[in-house]
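To start, the structure itself, in structure tokens.
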Protein chains: 2
Amino acid sequence: MRTRFILIQTSHAGNVGGTARAMKVMGFDDLVLVAPRWANVLRREETIQRASGANDVLDKARIVDTLDEALDGMDHLCATAMTPRDFGPPTRQPREHFAGLLGAPQADDGPTAARPGGVAFLFGSERFGMRNEDVYRCHSCLSIPTNPQFGSLNLAAAVQLIAYDWRQALGGYALPPVSTPERPLADAKALAGMLQHLEQALVAVDFLDPAAPKKLMPRLNQLFNRAAPTEEEIHILRGVAKAMLQVAERAKR
Amino acid sequence: MRTRFILIQTSHAGNVGGTARAMKVMGFDDLVLVAPRWANVLRREETIQRASGANDVLDKARIVDTLDEALDGMDHLCATAMTPRDFGPPTRQPREHFAGLLGAPQADDGPTAARPGGVAFLFGSERFGMRNEDVYRCHSCLSIPTNPQFGSLNLAAAVQLIAYDWRQALGGYALPPVSTPERPLADAKALAGMLQHLEQALVAVDFLDPAAPKKLMPRLNQLFNRAAPTEEEIHILRGVAKAMLQVAERAKR
């Protein structure tokens, strides 16, 4: 699905760079700036520094004068605004809205429009947010749930969160392949054998008194159950027990 | 649940400020810096600027020399690292891991430890990430799923995403109350009445030919079904139809 990020009247170059980086790291590259404070914002030093390698997003970005010019090909507009507006579109949390937007129409949903072909996320200026008239044009208003006592989300951070939730809703990226092989867990028999070995060793080093064992071994059994050791780790623990027995034997001489 | 963010050997003051802001906006305030590049990083101009009002987080923050000193009261450590390590803890996506960490133990889960009392998120330096020996101490390794061709997530942006996912997993914040009242939807009878009114108007302005109506009215019916108008909007649309009829009447004179 086509995805565009639109920054309206952005005043900090660092935020434009941070936005480009935040978009690229989630696999998006269509950025449009509407009437930014600096005409040369895409080439400013701070922008490029904060973009940190997302230069292709900056190179592709367009600067336009009006919101109208930013909307070609987009058929679902999401405002991002801290405060819901009277007469504005419905305000929703991003995850909830994205699930509804991408979900297959349900039989009992009643009439639904087709899944959108192009989704645009609109962000207002750092100081004033979005103008009412820009919010009114949108199909939905996304509100990122924040601390009621401190809702001051940085612009590039807001872009990062929306880009993340949207990418996850679109299916997400897989984790890089892990080089560690699957851990073959030791079975209960192997664990019991190790515990017997360990018990002998604990007796040998005079930590466990066989006449008054209390609940030491059941406690250790529970601990190792929770740790779910691998076969290799059982081998290591048996090696420890063996070394304890050997040193205890030498100490007797 | 106690939650701490630990930055290890951070070199950019802006990231410390951005981290404080990202934490506070998600309702967290326990920040510890291990051996930052600048001893005075909590009071640097760039830090305070990027914190943008999260000064209480900076005021409360501690600077320590070693990771050990940062871990008091924490019993579940989450590394954040781009690349999984051999012999390291299991690598998981944040949402998946948090659901498991907070979920009630299931009957078929086998032995489980208690829910943690203090969770710490560890972030390595901007240039080198986390050292292996620090990752090995952790109970899990969180990997934020990113673009396979560009995984360069800014440090403060990574803190923002983890803080968001963790806050959501803890139950999340509600959206601010919406001042717009619930929309009372018009019923099908009201919609049908409006469409009849509109049909008369469309005939009157010579747009609809009653002898060859084609599928105009069924199309409009579908369009308004999807729009799910309120009673008030039906009233507006009937007003439009009425005005069309009036102007058509005047045009006949």
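We label chains A, B, ... in the order they appear in the structure tokens, count residues from 1 in each chain, and number ligands from 1 in the order shown.
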Need the shell around region 187-204 of chain A: protein/DNA/RNA residues with any atom at most 7 Å away, counting only C-alpha atoms. Skip same-chain ones fewer than 6 positions apart. Format as number ranges by chain? A: 210, 234, 238, 241, 244-245, 248
Can I get the selected residues back with C-alpha atoms, as a PDB file, in the first residue's frame?
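Result file follows (part_37.pdb):
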ATOM      1  CA  PRO A 210      22.266 -36.149  55.008  1.00  0.00           C
ATOM      2  CA  ILE A 234      23.580 -30.481  32.467  1.00  0.00           C
ATOM      3  CA  ARG A 238      27.855 -32.536  36.280  1.00  0.00           C
ATOM      4  CA  ALA A 241      29.763 -31.789  40.817  1.00  0.00           C
ATOM      5  CA  MET A 244      33.626 -30.833  43.980  1.00  0.00           C
ATOM      6  CA  LEU A 245      33.807 -34.570  44.711  1.00  0.00           C
ATOM      7  CA  ALA A 248      36.684 -33.224  48.721  1.00  0.00           C
TER       8      ALA A 248
END
Distance-based interface of chain B with chain A, 8 Å, counting only C-alpha atoms, as a PDB file with C-alpha atoms, in the first residue's frame:
ATOM      1  CA  ARG B  21      11.346  13.250  26.958  1.00  0.00           C
ATOM      2  CA  ALA B  22      10.498   9.883  25.382  1.00  0.00           C
ATOM      3  CA  LYS B  24       8.196  10.975  30.415  1.00  0.00           C
ATOM      4  CA  VAL B  25       5.700  11.071  27.567  1.00  0.00           C
ATOM      5  CA  MET B  26       5.046   7.399  28.310  1.00  0.00           C
ATOM      6  CA  GLY B  27       4.978   7.950  32.066  1.00  0.00           C
ATOM      7  CA  SER B  52      11.703  19.850  26.173  1.00  0.00           C
ATOM      8  CA  THR B  83      22.390  -8.411  16.435  1.00  0.00           C
ATOM      9  CA  PRO B  84      21.700 -11.509  18.505  1.00  0.00           C
ATOM     10  CA  ARG B  85      24.745 -12.985  20.250  1.00  0.00           C
ATOM     11  CA  ASP B  86      25.816 -16.561  20.551  1.00  0.00           C
ATOM     12  CA  PHE B  87      25.245 -17.685  24.141  1.00  0.00           C
ATOM     13  CA  THR B  91      16.047 -12.524  21.131  1.00  0.00           C
ATOM     14  CA  ARG B  92      12.431 -11.442  20.851  1.00  0.00           C
ATOM     15  CA  GLN B  93      10.304  -8.653  19.435  1.00  0.00           C
ATOM     16  CA  PRO B 111       7.267 -24.063  35.803  1.00  0.00           C
ATOM     17  CA  THR B 112       7.419 -20.274  35.584  1.00  0.00           C
ATOM     18  CA  ALA B 113       9.123 -17.699  37.719  1.00  0.00           C
ATOM     19  CA  SER B 143      15.099  -6.499  18.843  1.00  0.00           C
ATOM     20  CA  ILE B 144      12.883  -3.868  17.234  1.00  0.00           C
ATOM     21  CA  PRO B 145      11.919  -5.191  13.814  1.00  0.00           C
ATOM     22  CA  THR B 146      13.257  -2.742  11.222  1.00  0.00           C
ATOM     23  CA  ASN B 147      13.903  -2.417   7.501  1.00  0.00           C
ATOM     24  CA  PRO B 148      16.438  -5.164   6.647  1.00  0.00           C
ATOM     25  CA  PHE B 150      18.373   0.137   7.017  1.00  0.00           C
ATOM     26  CA  GLY B 151      18.216  -0.776  10.670  1.00  0.00           C
ATOM     27  CA  SER B 152      19.809   2.433  11.911  1.00  0.00           C
ATOM     28  CA  LEU B 153      17.401   3.438  14.665  1.00  0.00           C
ATOM     29  CA  ASN B 154      18.284   6.588  16.596  1.00  0.00           C
ATOM     30  CA  ALA B 157      13.791   6.801  18.922  1.00  0.00           C
ATOM     31  CA  GLN B 160      10.554   5.922  22.473  1.00  0.00           C
ATOM     32  CA  LEU B 161       9.424   2.700  20.789  1.00  0.00           C
ATOM     33  CA  TYR B 164       5.521   2.966  24.035  1.00  0.00           C
ATOM     34  CA  GLY B 172      -1.785   1.950  28.151  1.00  0.00           C
ATOM     35  CA  TYR B 173      -3.238   5.371  28.562  1.00  0.00           C
ATOM     36  CA  ALA B 174      -6.744   6.244  27.543  1.00  0.00           C
ATOM     37  CA  LEU B 175      -7.328   8.816  24.861  1.00  0.00           C
ATOM     38  CA  PRO B 176      -8.286  12.266  26.098  1.00  0.00           C
ATOM     39  CA  VAL B 178     -13.600  13.685  23.082  1.00  0.00           C
ATOM     40  CA  SER B 179     -15.783  16.752  23.311  1.00  0.00           C
ATOM     41  CA  THR B 180     -17.924  15.760  20.345  1.00  0.00           C
ATOM     42  CA  ASN B 225     -25.021   4.110   3.128  1.00  0.00           C
ATOM     43  CA  ARG B 226     -21.242   4.039   3.334  1.00  0.00           C
TER      44      ARG B 226
END
Please run DSSP on the backbone and report, as a PyMOL selection string, all residues within region 57-174 of chain A that come out as helix (DSSP H, G or I). chain A and resi 57-60+67-70+94-102+107-109+132-136+155-169
Write the residues of the selection above to a file with N, CA and C atoms, as a CSV table (one decimal), in the first residue's frame.
chain,number,residue,atom,x,y,z
A,57,VAL,N,15.8,9.3,1.2
A,57,VAL,CA,14.4,9.8,1.6
A,57,VAL,C,14.4,11.3,1.4
A,58,LEU,N,15.5,12.0,1.8
A,58,LEU,CA,15.6,13.5,1.6
A,58,LEU,C,15.7,13.8,0.2
A,59,ASP,N,16.4,13.0,-0.6
A,59,ASP,CA,16.6,13.3,-2.0
A,59,ASP,C,15.3,13.2,-2.8
A,60,LYS,N,14.5,12.3,-2.4
A,60,LYS,CA,13.2,12.0,-3.0
A,60,LYS,C,12.1,13.0,-2.5
A,67,LEU,N,-1.3,22.1,1.2
A,67,LEU,CA,-1.6,20.7,1.5
A,67,LEU,C,-2.2,20.0,0.2
A,68,ASP,N,-3.1,20.7,-0.5
A,68,ASP,CA,-3.6,20.1,-1.7
A,68,ASP,C,-2.6,19.4,-2.6
A,69,GLU,N,-1.5,20.1,-2.8
A,69,GLU,CA,-0.4,19.6,-3.7
A,69,GLU,C,0.2,18.3,-3.1
A,70,ALA,N,0.0,18.1,-1.9
A,70,ALA,CA,0.7,16.9,-1.2
A,70,ALA,C,-0.1,15.7,-1.3
A,94,PRO,N,-3.7,4.6,17.2
A,94,PRO,CA,-3.2,4.1,15.9
A,94,PRO,C,-3.4,2.6,15.7
A,95,ARG,N,-3.1,1.8,16.7
A,95,ARG,CA,-3.1,0.4,16.5
A,95,ARG,C,-4.5,-0.1,16.2
A,96,GLU,N,-5.5,0.5,17.0
A,96,GLU,CA,-6.9,0.1,16.8
A,96,GLU,C,-7.3,0.5,15.4
A,97,HIS,N,-7.0,1.8,15.0
A,97,HIS,CA,-7.4,2.3,13.7
A,97,HIS,C,-6.8,1.5,12.6
A,98,PHE,N,-5.5,1.1,12.7
A,98,PHE,CA,-4.9,0.4,11.6
A,98,PHE,C,-5.5,-1.0,11.4
A,99,ALA,N,-5.8,-1.6,12.5
A,99,ALA,CA,-6.4,-3.0,12.5
A,99,ALA,C,-7.7,-2.9,11.7
A,100,GLY,N,-8.5,-1.8,12.0
A,100,GLY,CA,-9.8,-1.7,11.3
A,100,GLY,C,-9.6,-1.4,9.8
A,101,LEU,N,-8.6,-0.5,9.5
A,101,LEU,CA,-8.4,-0.1,8.2
A,101,LEU,C,-7.9,-1.2,7.3
A,102,LEU,N,-7.2,-2.2,7.8
A,102,LEU,CA,-6.6,-3.2,7.0
A,102,LEU,C,-7.4,-4.5,7.1
A,107,ALA,N,-18.9,-9.7,7.9
A,107,ALA,CA,-20.3,-9.8,7.4
A,107,ALA,C,-21.3,-8.9,8.1
A,108,ASP,N,-21.0,-8.6,9.4
A,108,ASP,CA,-22.0,-7.8,10.1
A,108,ASP,C,-21.5,-6.3,10.2
A,109,ASP,N,-20.5,-6.0,9.4
A,109,ASP,CA,-20.0,-4.6,9.4
A,109,ASP,C,-20.9,-3.6,8.8
A,132,ASN,N,-7.3,23.5,12.3
A,132,ASN,CA,-8.6,22.8,12.2
A,132,ASN,C,-9.0,22.5,10.8
A,133,GLU,N,-8.7,23.4,9.9
A,133,GLU,CA,-9.2,23.2,8.5
A,133,GLU,C,-8.4,22.0,7.8
A,134,ASP,N,-7.2,21.8,8.3
A,134,ASP,CA,-6.5,20.6,7.7
A,134,ASP,C,-7.0,19.3,8.4
A,135,VAL,N,-7.4,19.4,9.7
A,135,VAL,CA,-7.9,18.2,10.3
A,135,VAL,C,-9.2,17.8,9.7
A,136,TYR,N,-10.1,18.8,9.4
A,136,TYR,CA,-11.4,18.5,8.8
A,136,TYR,C,-11.4,17.7,7.5
A,155,LEU,N,8.2,15.7,17.4
A,155,LEU,CA,7.7,15.4,16.1
A,155,LEU,C,8.2,14.2,15.5
A,156,ALA,N,9.6,14.1,15.4
A,156,ALA,CA,10.2,12.9,14.8
A,156,ALA,C,9.9,11.6,15.6
A,157,ALA,N,9.7,11.8,16.9
A,157,ALA,CA,9.3,10.6,17.7
A,157,ALA,C,7.9,10.2,17.4
A,158,ALA,N,7.0,11.1,17.2
A,158,ALA,CA,5.7,10.8,16.8
A,158,ALA,C,5.7,10.1,15.4
A,159,VAL,N,6.5,10.6,14.5
A,159,VAL,CA,6.6,9.9,13.2
A,159,VAL,C,7.1,8.5,13.4
A,160,GLN,N,8.1,8.3,14.3
A,160,GLN,CA,8.6,7.0,14.5
A,160,GLN,C,7.6,6.0,15.0
A,161,LEU,N,6.8,6.5,16.0
A,161,LEU,CA,5.7,5.6,16.6
A,161,LEU,C,4.7,5.2,15.5
A,162,ILE,N,4.2,6.2,14.7
A,162,ILE,CA,3.2,5.9,13.7
A,162,ILE,C,3.8,5.0,12.7
A,163,ALA,N,5.0,5.3,12.2
A,163,ALA,CA,5.7,4.4,11.2
A,163,ALA,C,5.8,3.0,11.7
A,164,TYR,N,6.2,2.8,13.0
A,164,TYR,CA,6.3,1.5,13.6
A,164,TYR,C,5.0,0.8,13.6
A,165,ASP,N,4.0,1.4,14.2
A,165,ASP,CA,2.6,0.8,14.3
A,165,ASP,C,2.1,0.4,12.9
A,166,TRP,N,2.3,1.3,11.9
A,166,TRP,CA,1.8,1.1,10.6
A,166,TRP,C,2.6,-0.1,9.9
A,167,ARG,N,3.9,-0.1,10.1
A,167,ARG,CA,4.6,-1.2,9.5
A,167,ARG,C,4.2,-2.5,10.2
A,168,GLN,N,4.0,-2.5,11.5
A,168,GLN,CA,3.6,-3.7,12.2
A,168,GLN,C,2.2,-4.2,11.7
A,169,ALA,N,1.3,-3.2,11.5
A,169,ALA,CA,0.0,-3.5,11.0
A,169,ALA,C,0.0,-4.1,9.6
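Proximity to Arg44 (chain A) at 10 Å, evaluated using only C-alpha atoms and with sequence-adjacent residues fewer than 3 positions away removed, yields Ala13, Gly14, Val16, Gly17, Trp38, Ala39, Asn40, Val41, Thr47, Ile48 and Gln49 of chain A.
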Quick check, in Å to one decimal: how far apart do CA of Arg219 (chain B) and CA of Thr3 (chain A) lie?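 Computed distance, CA of Arg219 (chain B) to CA of Thr3 (chain A), equals 29.2 Å.
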Could you jot down the CA of Asp65 (chain B) to CA of Ala20 (chain B) separation for me, Å, one decimal place?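 It comes out at 19.6 Å.
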Could you name the residues that touch His76 (chain A) at 8 Å or less, counting only C-alpha atoms, but leaving out those on the same chain fewer than 6 positions away, as an NGL selection string? :A and (116-120 or 138-139)
Serialized selection, C-alpha atoms, as a short mmCIF file (atom, residue, chain, number, x, y, z; two decimals), in the first residue's frame:
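For reference, out-v8.cif as written:
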data_model
loop_
_atom_site.label_atom_id
_atom_site.label_comp_id
_atom_site.auth_asym_id
_atom_site.auth_seq_id
_atom_site.Cartn_x
_atom_site.Cartn_y
_atom_site.Cartn_z
CA PRO A 116 -7.56 2.30 0.75
CA GLY A 117 -4.90 2.41 -1.94
CA GLY A 118 -2.85 5.27 -0.52
CA VAL A 119 -2.58 6.31 3.11
CA ALA A 120 -1.12 9.66 4.17
CA CYS A 138 -8.97 13.87 7.12
CA HIS A 139 -10.73 10.52 7.38
#
Just give me the gap between CA of Leu185 (chain B) and CA of Val205 (chain B) in Å, one decimal is fine.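 These atoms are spaced 28.7 Å apart.
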Select from region 27-156 of chain A everything DSSP, run on the backbone, classes as strand (DSSP E), then give the selection as a ChimeraX atom specification. /A:31-34,62-64,76-80,91-92,118-123,140-142
Just the residues within 6 Å of Leu31 (chain B), please, counting only C-alpha atoms, with nothing from its chain fewer than 2 positions along; format it as an MDAnalysis selection string. chainID B and resid 4:6 61
